[in-house]
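Trainee: Contents of final_29.cif (mmCIF, C-alpha atoms) are below:
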```cif
data_data
#
loop_
_atom_site.label_atom_id
_atom_site.label_comp_id
_atom_site.auth_asym_id
_atom_site.auth_seq_id
_atom_site.Cartn_x
_atom_site.Cartn_y
_atom_site.Cartn_z
CA MET A 1 69.09 29.07 93.63
CA ASN A 2 68.65 32.80 93.00
CA ASP A 3 65.55 33.98 91.18
CA ILE A 4 66.78 35.65 88.01
CA TYR A 5 63.57 37.66 87.79
CA ALA A 6 63.93 39.24 91.21
CA ALA A 7 65.26 42.79 91.23
CA PRO A 8 68.45 43.60 93.17
CA GLN A 9 67.69 43.39 96.87
CA ALA A 10 69.39 46.69 97.64
CA ASP A 11 66.87 48.50 95.48
CA LEU A 12 63.67 46.51 95.71
CA GLY A 13 63.68 44.58 98.95
CA ARG A 14 60.92 45.10 101.48
CA GLU A 15 63.33 46.73 103.92
CA GLU A 16 63.34 49.72 101.56
CA SER A 17 59.58 50.23 101.91
CA SER A 18 60.03 53.44 103.90
CA GLU A 19 61.87 54.98 100.95
CA ARG A 20 59.90 53.58 98.03
CA ALA A 21 56.16 53.55 97.36
CA GLY A 22 53.47 51.38 95.81
CA GLY A 23 53.58 47.68 95.02
CA SER A 24 56.54 45.36 94.61
CA ILE A 25 57.90 43.08 91.92
CA GLU A 26 57.64 40.05 94.17
CA ASP A 27 53.95 40.62 94.96
CA ALA A 28 53.10 41.52 91.36
CA ILE A 29 54.63 38.31 90.03
CA ALA A 30 52.97 36.25 92.76
CA GLY A 31 49.58 37.75 91.92
CA ASN A 32 49.17 39.24 95.40
CA ILE A 33 48.13 42.66 94.10
CA GLU A 34 44.57 43.44 93.08
CA ILE A 35 44.10 46.44 90.83
CA GLY A 36 40.70 47.96 90.13
CA MET A 37 41.14 49.32 86.62
CA LEU A 38 38.07 51.56 86.76
CA GLN A 39 39.14 52.81 90.19
CA THR A 40 42.56 53.60 88.75
CA LEU A 41 40.93 55.62 85.96
CA GLY A 42 38.98 57.54 88.60
CA ASP A 43 42.09 58.18 90.68
CA ALA A 44 43.96 59.37 87.59
CA TRP A 45 41.13 61.74 86.66
CA ARG A 46 41.11 63.23 90.16
CA GLY A 47 44.90 63.61 90.00
CA LEU A 48 44.98 65.57 86.73
CA LYS A 49 45.26 68.98 88.35
CA GLY A 50 48.81 70.28 88.00
CA PHE A 51 49.81 67.60 85.50
CA LYS A 52 47.95 68.50 82.29
CA LEU A 53 50.06 71.48 81.24
CA LYS A 54 53.40 69.85 82.07
CA CYS A 55 52.41 66.70 80.21
CA HIS A 56 51.42 68.68 77.13
CA ILE A 57 54.60 70.77 77.18
CA ALA A 58 56.69 67.61 77.47
CA THR A 59 54.72 66.04 74.61
CA LEU A 60 55.25 69.18 72.52
CA LEU A 61 59.01 69.01 73.18
CA TYR A 62 58.90 65.36 72.15
CA LEU A 63 57.14 66.27 68.89
CA LEU A 64 59.52 69.15 68.18
CA VAL A 65 62.49 66.79 68.40
CA PHE A 66 60.88 64.57 65.78
CA ILE A 67 59.89 67.45 63.55
CA GLY A 68 63.45 68.77 63.72
CA ALA A 69 64.89 65.35 62.95
CA GLY A 70 62.48 64.92 60.06
CA ILE A 71 63.38 68.29 58.55
CA ALA A 72 67.10 67.55 58.87
CA PHE A 73 66.63 64.17 57.20
CA ALA A 74 64.56 65.67 54.36
CA LEU A 75 67.22 68.33 53.71
CA LEU A 76 69.96 65.70 53.71
CA VAL A 77 68.03 63.48 51.27
CA ALA A 78 67.35 66.48 49.00
CA ALA A 79 71.04 67.37 48.98
CA LEU A 80 72.04 63.78 48.18
CA VAL A 81 69.47 63.51 45.41
CA ALA A 82 70.77 66.77 43.93
CA THR A 83 74.28 65.27 43.80
CA GLY A 84 72.99 62.09 42.14
CA ALA A 85 73.27 59.75 45.12
CA ASP A 86 72.59 56.06 44.53
CA GLU A 87 69.13 54.75 45.58
CA GLN A 88 70.78 52.10 47.73
CA VAL A 89 72.55 54.82 49.70
CA LEU A 90 69.23 56.58 50.22
CA SER A 91 67.64 53.32 51.41
CA ILE A 92 70.42 52.77 53.93
CA LEU A 93 70.09 56.36 55.07
CA GLY A 94 66.36 55.85 55.55
CA LEU A 95 67.04 52.82 57.72
CA VAL A 96 69.53 54.78 59.80
CA PHE A 97 66.94 57.51 60.23
CA GLN A 98 64.39 55.01 61.53
CA VAL A 99 66.93 53.69 64.05
CA VAL A 100 67.74 57.23 65.23
CA ILE A 101 64.05 58.15 65.56
CA THR A 102 63.33 55.01 67.58
CA ALA A 103 66.36 55.64 69.80
CA LEU A 104 65.13 59.18 70.49
CA ALA A 105 61.52 58.16 71.08
CA LEU A 106 62.03 55.45 73.68
CA PRO A 107 63.65 57.48 76.50
CA MET A 108 61.40 60.49 75.89
CA MET A 109 58.20 58.46 76.13
CA LEU A 110 59.44 56.80 79.30
CA ALA A 111 60.41 60.19 80.75
CA ILE A 112 56.81 61.40 80.37
CA MET A 113 55.61 58.30 82.20
CA ILE A 114 58.11 58.89 85.01
CA MET A 115 56.87 62.48 85.23
CA ALA A 116 53.41 61.01 85.85
CA ILE A 117 54.77 58.71 88.57
CA ARG A 118 56.38 61.66 90.33
CA HIS A 119 53.16 63.67 90.05
CA GLU A 120 51.19 60.77 91.53
CA TYR A 121 53.34 60.97 94.65
CA LYS A 122 53.20 64.78 94.86
CA LYS A 123 56.80 65.28 93.77
CA PRO A 124 57.98 68.31 91.74
CA VAL A 125 57.61 67.76 88.00
CA SER A 126 59.20 69.69 85.15
CA ALA A 127 58.50 69.26 81.44
CA GLY A 128 62.26 69.41 80.86
CA GLU A 129 62.50 65.95 82.43
CA VAL A 130 61.56 64.61 79.00
CA PHE A 131 65.28 64.82 78.10
CA ARG A 132 66.55 63.13 81.27
CA HIS A 133 66.89 59.48 80.25
CA PHE A 134 68.93 59.51 77.05
CA GLY A 135 71.69 57.63 78.87
CA ALA A 136 69.48 54.53 78.77
CA VAL A 137 69.18 54.58 74.95
CA PRO A 138 71.45 51.54 74.20
CA LYS A 139 69.70 49.29 76.72
CA LEU A 140 66.24 50.48 75.69
CA PHE A 141 66.95 50.06 72.00
CA PHE A 142 68.14 46.47 72.37
CA ALA A 143 65.16 45.74 74.62
CA TYR A 144 62.90 47.17 71.92
CA LEU A 145 64.50 44.95 69.26
CA LEU A 146 64.19 41.81 71.40
CA GLN A 147 60.62 42.64 72.41
CA THR A 148 59.64 43.28 68.78
CA LEU A 149 61.29 40.03 67.66
CA LEU A 150 59.46 37.99 70.32
CA VAL A 151 56.10 39.59 69.51
CA MET A 152 56.62 38.98 65.78
CA LEU A 153 57.54 35.37 66.50
CA GLY A 154 54.36 35.07 68.54
CA MET A 155 52.34 36.49 65.66
CA ILE A 156 53.80 33.88 63.34
CA LEU A 157 52.80 31.19 65.85
CA LEU A 158 49.03 31.46 65.32
CA VAL A 159 48.77 35.23 66.18
CA LEU A 160 47.39 34.82 69.71
CA PRO A 161 50.81 34.35 71.39
CA GLY A 162 51.92 37.59 69.73
CA ILE A 163 48.89 39.49 70.99
CA TYR A 164 49.51 38.09 74.47
CA LEU A 165 53.17 39.18 74.44
CA MET A 166 52.38 42.60 72.95
CA PHE A 167 50.50 43.51 76.12
CA ALA A 168 52.46 41.34 78.57
CA TYR A 169 55.75 43.10 77.75
CA ILE A 170 54.30 46.60 77.97
CA TYR A 171 56.04 47.58 81.22
CA ALA A 172 59.42 46.05 80.33
CA MET A 173 61.05 49.31 79.31
CA PRO A 174 59.80 51.29 82.31
CA LEU A 175 61.25 48.53 84.49
CA ILE A 176 64.62 48.93 82.75
CA VAL A 177 64.75 52.68 83.41
CA GLU A 178 62.92 52.97 86.73
CA LYS A 179 64.30 49.83 88.41
CA ASN A 180 67.51 49.29 86.42
CA LEU A 181 66.63 45.68 85.56
CA SER A 182 68.45 43.81 82.82
CA ILE A 183 66.66 43.48 79.50
CA TRP A 184 65.58 39.88 80.04
CA GLN A 185 64.65 40.46 83.69
CA ALA A 186 62.47 43.40 82.67
CA LEU A 187 60.73 41.46 79.90
CA GLU A 188 60.02 38.49 82.12
CA THR A 189 59.02 40.60 85.12
CA SER A 190 56.51 42.53 83.02
CA ARG A 191 55.20 39.34 81.42
CA LYS A 192 54.77 37.45 84.66
CA ALA A 193 53.03 40.35 86.42
CA ILE A 194 50.72 41.35 83.56
CA THR A 195 49.76 37.71 82.97
CA ARG A 196 48.06 37.82 86.38
CA VAL A 197 45.80 40.66 85.24
CA TRP A 198 46.02 40.27 81.45
CA PHE A 199 42.33 40.45 80.53
CA ARG A 200 41.59 43.34 82.89
CA PHE A 201 44.68 45.17 81.66
CA PHE A 202 43.68 44.57 78.03
CA GLY A 203 40.23 46.03 78.79
CA PHE A 204 41.84 48.97 80.57
CA LEU A 205 44.04 49.84 77.58
CA TRP A 206 41.17 49.27 75.17
CA LEU A 207 39.03 51.72 77.15
CA LEU A 208 41.78 54.34 77.19
CA SER A 209 42.21 53.94 73.44
CA LEU A 210 38.46 54.29 72.90
CA ILE A 211 38.32 57.45 75.00
CA ASN A 212 41.14 59.04 73.01
CA MET A 213 39.59 58.00 69.70
CA LEU A 214 36.23 59.50 70.66
CA ALA A 215 38.05 62.75 71.48
CA VAL A 216 38.47 63.18 67.73
CA PHE A 217 34.79 64.15 67.55
CA THR A 218 35.53 67.17 69.75
CA LEU A 219 38.04 68.34 67.12
CA GLY A 220 40.77 67.15 69.47
CA ILE A 221 39.82 69.58 72.23
CA ALA A 222 39.14 66.73 74.64
CA TRP A 223 42.74 65.56 74.21
CA ILE A 224 43.67 68.38 76.58
CA TRP A 225 42.28 66.09 79.29
CA THR A 226 42.34 62.58 77.80
CA ILE A 227 46.05 62.42 76.91
CA PRO A 228 47.43 63.34 80.37
CA TRP A 229 44.64 61.26 81.94
CA SER A 230 45.79 58.23 79.92
CA VAL A 231 49.45 58.77 80.81
CA LEU A 232 48.65 59.16 84.50
CA ALA A 233 46.36 56.10 84.59
CA PHE A 234 48.95 53.97 82.76
CA SER A 235 51.65 55.01 85.23
CA MET A 236 49.36 54.34 88.20
CA VAL A 237 48.89 50.73 87.12
CA TYR A 238 52.68 50.44 86.97
CA THR A 239 53.23 51.82 90.48
CA ARG A 240 50.43 49.71 91.96
CA LEU A 241 52.05 46.63 90.51
CA PHE A 242 55.77 47.36 90.88
CA GLY A 243 56.05 50.44 93.09
CA ALA A 244 58.22 53.49 92.57
CA GLU A 245 61.86 53.59 93.63
CA ALA A 246 63.39 56.10 96.00
CA GLN A 247 65.56 57.58 93.23
CA THR A 248 62.47 58.11 91.07
CA LEU A 249 60.74 60.03 93.84
CA ALA A 250 63.82 61.95 95.02
CA ASP A 251 63.37 65.73 95.10
#
```
What does this structure look like when you write it as structure tokens?
Mentor:
Amino acid sequence: MNDIYAAPQADLGREESSERAGGSIEDAIAGNIEIGMLQTLGDAWRGLKGFKLKCHIATLLYLLVFIGAGIAFALLVAALVATGADEQVLSILGLVFQVVITALALPMMLAIMIMAIRHEYKKPVSAGEVFRHFGAVPKLFFAYLLQTLLVMLGMILLVLPGIYLMFAYIYAMPLIVEKNLSIWQALETSRKAITRVWFRFFGFLWLLSLINMLAVFTLGIAWIWTIPWSVLAFSMVYTRLFGAEAQTLAD
């Protein structure tokens, strides 16, 4: 019987190893890959050169999209209020705005991560790549809804299952975009692989969060380094678990 969690052989099989790089879904799920989280942080720090500026420009573009969307929404609400619009209409409009913002955020965040993957393998990177993956919005949005629903259900069931799933599903959306997995395949692939390293991965993310929180005491100046460092380290864990596909690394 076919393994529903295995990625399509044409893309992820071992025979493609000369074209792709890093780990593999099969080995990650089987627990055959050991990742030194502190070593990964060190490798990411040493790899920052040439990535910091592009990461910050891409992040700025990301923020500008949201600022623009927020201004447009505020102007629309003001115009509707001026015409005496019903509160229910405004509530529905607010919900639509949240959906639009989420739909915009998902592909842009993933694009920044894929920029980091390309940088890791010495491929050309452009900040404009932040707009590259909007075609995946429908799939990503439904994955986000399902992931959120499962995590919330886990929270209801004594909290701990929700915390487990919150971290276990963290690479589901990158797997959808980077490896073109189905929504359920991506969720289960991420869960099965992260389960093998869950506590180390939790500590890794906790440490990254702590580093970025402490950067506040430098008036945010340290974020010049810590934000791209975090993005690069996060992407390195992904590639060491699942690898990077030939199309991701194509020039």
Trainee: Just to confirm, what's the straight-line distance from atom CA of A:Ile114 to atom CA of A:Gly162 in Å (one decimal)?
Mentor: 26.9 Å
Trainee: My list of candidates is A:Phe66, A:Tyr164, A:Tyr121, A:Phe142. Which is closest to A:Phe97 when distances are computed with only C-alpha atoms?
Mentor: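 Checking each of A:Phe66, A:Tyr164, A:Tyr121, A:Phe142 against A:Phe97, counting only C-alpha atoms, the winner is A:Phe66.
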Trainee: Could you build a table of the residues in stretch 13-67 of chain A lying no more than 10 Å from stretch 198-216 of chain A, giving for each the nearest pair of atoms and their separation in Å rounded to one decimal place, using all atoms listed in the file, ordered by chain and ascending residue number, as a tab-separated table?
Mentor:
```
residue	atom	partner	partner_atom	distance
A:Ile35	CA	A:Arg200	CA	8.9
A:Gly36	CA	A:Arg200	CA	8.6
A:Met37	CA	A:Phe204	CA	6.1
A:Leu38	CA	A:Phe204	CA	7.7
A:Thr40	CA	A:Phe204	CA	9.4
A:Leu41	CA	A:Phe204	CA	8.6
```
Trainee: Record the distance separating atom CA of A:Lys52 and atom CA of A:Met236, expressed in Å with one decimal.
Mentor: 15.4 Å
Trainee: With stretch 226-233 of chain A as the partner and 8 Å as the cut-off, tabulate the residues of stretch 85-202 of chain A that qualify, each row holding the nearest pair of atoms and their distance in Å to one decimal, using only C-alpha atoms, sorted by chain and rising number, as a Markdown table.
Mentor:
```
| residue | atom | partner | partner_atom | distance |
| --- | --- | --- | --- | --- |
| A:Ile112 | CA | A:Val231 | CA | 7.8 |
| A:Met113 | CA | A:Val231 | CA | 6.3 |
| A:Ala116 | CA | A:Leu232 | CA | 5.3 |
| A:Ile117 | CA | A:Leu232 | CA | 7.4 |
| A:Glu120 | CA | A:Leu232 | CA | 7.6 |
```
Trainee: Could those residues be written to a file, using C-alpha atoms, as an mmCIF file, in the frame of the given file?
Mentor:
```cif
data_model
loop_
_atom_site.group_PDB
_atom_site.id
_atom_site.type_symbol
_atom_site.label_atom_id
_atom_site.label_comp_id
_atom_site.auth_asym_id
_atom_site.auth_seq_id
_atom_site.Cartn_x
_atom_site.Cartn_y
_atom_site.Cartn_z
ATOM 1 C CA ILE A 112 56.810 61.400 80.370
ATOM 2 C CA MET A 113 55.610 58.300 82.200
ATOM 3 C CA ALA A 116 53.410 61.010 85.850
ATOM 4 C CA ILE A 117 54.770 58.710 88.570
ATOM 5 C CA GLU A 120 51.190 60.770 91.530
#
```
Trainee: With distances taken over only C-alpha atoms, which of A:Lys179, A:Lys54, A:Arg46, A:Lys122 is nearest to A:Asp251?
Mentor: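 Counting only C-alpha atoms, the residue closest to A:Asp251 is A:Lys122.
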Trainee: Can you tell me which residues surround A:Lys123 at a distance of at most 12 Å, considering only C-alpha atoms, apart from same-chain residues fewer than 5 positions away, and format the answer as a list in words?
Mentor: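 Neighbouring residues, sequence-local ones excluded: Gly50, Phe51, Ile114, Met115, Ala116, Ile117, Arg118, Ala244, Ala246, Gln247, Thr248, Leu249, Ala250 and Asp251 of chain A.
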Trainee: Running the PyMOL selection byres ((chain A and resi 140) around 9) on this model by hand, what would come out? Give it as a PDB file with C-alpha atoms, in the coordinates of the input.
Mentor:
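That gives us result-v7.pdb:
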```
ATOM      1  CA  ALA A 103      66.360  55.640  69.800  1.00  0.00           C
ATOM      2  CA  LEU A 106      62.030  55.450  73.680  1.00  0.00           C
ATOM      3  CA  PRO A 107      63.650  57.480  76.500  1.00  0.00           C
ATOM      4  CA  ALA A 136      69.480  54.530  78.770  1.00  0.00           C
ATOM      5  CA  VAL A 137      69.180  54.580  74.950  1.00  0.00           C
ATOM      6  CA  PRO A 138      71.450  51.540  74.200  1.00  0.00           C
ATOM      7  CA  LYS A 139      69.700  49.290  76.720  1.00  0.00           C
ATOM      8  CA  PHE A 141      66.950  50.060  72.000  1.00  0.00           C
ATOM      9  CA  PHE A 142      68.140  46.470  72.370  1.00  0.00           C
ATOM     10  CA  ALA A 143      65.160  45.740  74.620  1.00  0.00           C
ATOM     11  CA  TYR A 144      62.900  47.170  71.920  1.00  0.00           C
ATOM     12  CA  LEU A 145      64.500  44.950  69.260  1.00  0.00           C
ATOM     13  CA  MET A 173      61.050  49.310  79.310  1.00  0.00           C
ATOM     14  CA  ILE A 176      64.620  48.930  82.750  1.00  0.00           C
ATOM     15  CA  VAL A 177      64.750  52.680  83.410  1.00  0.00           C
ATOM     16  CA  ILE A 183      66.660  43.480  79.500  1.00  0.00           C
TER      17      ILE A 183
END
```
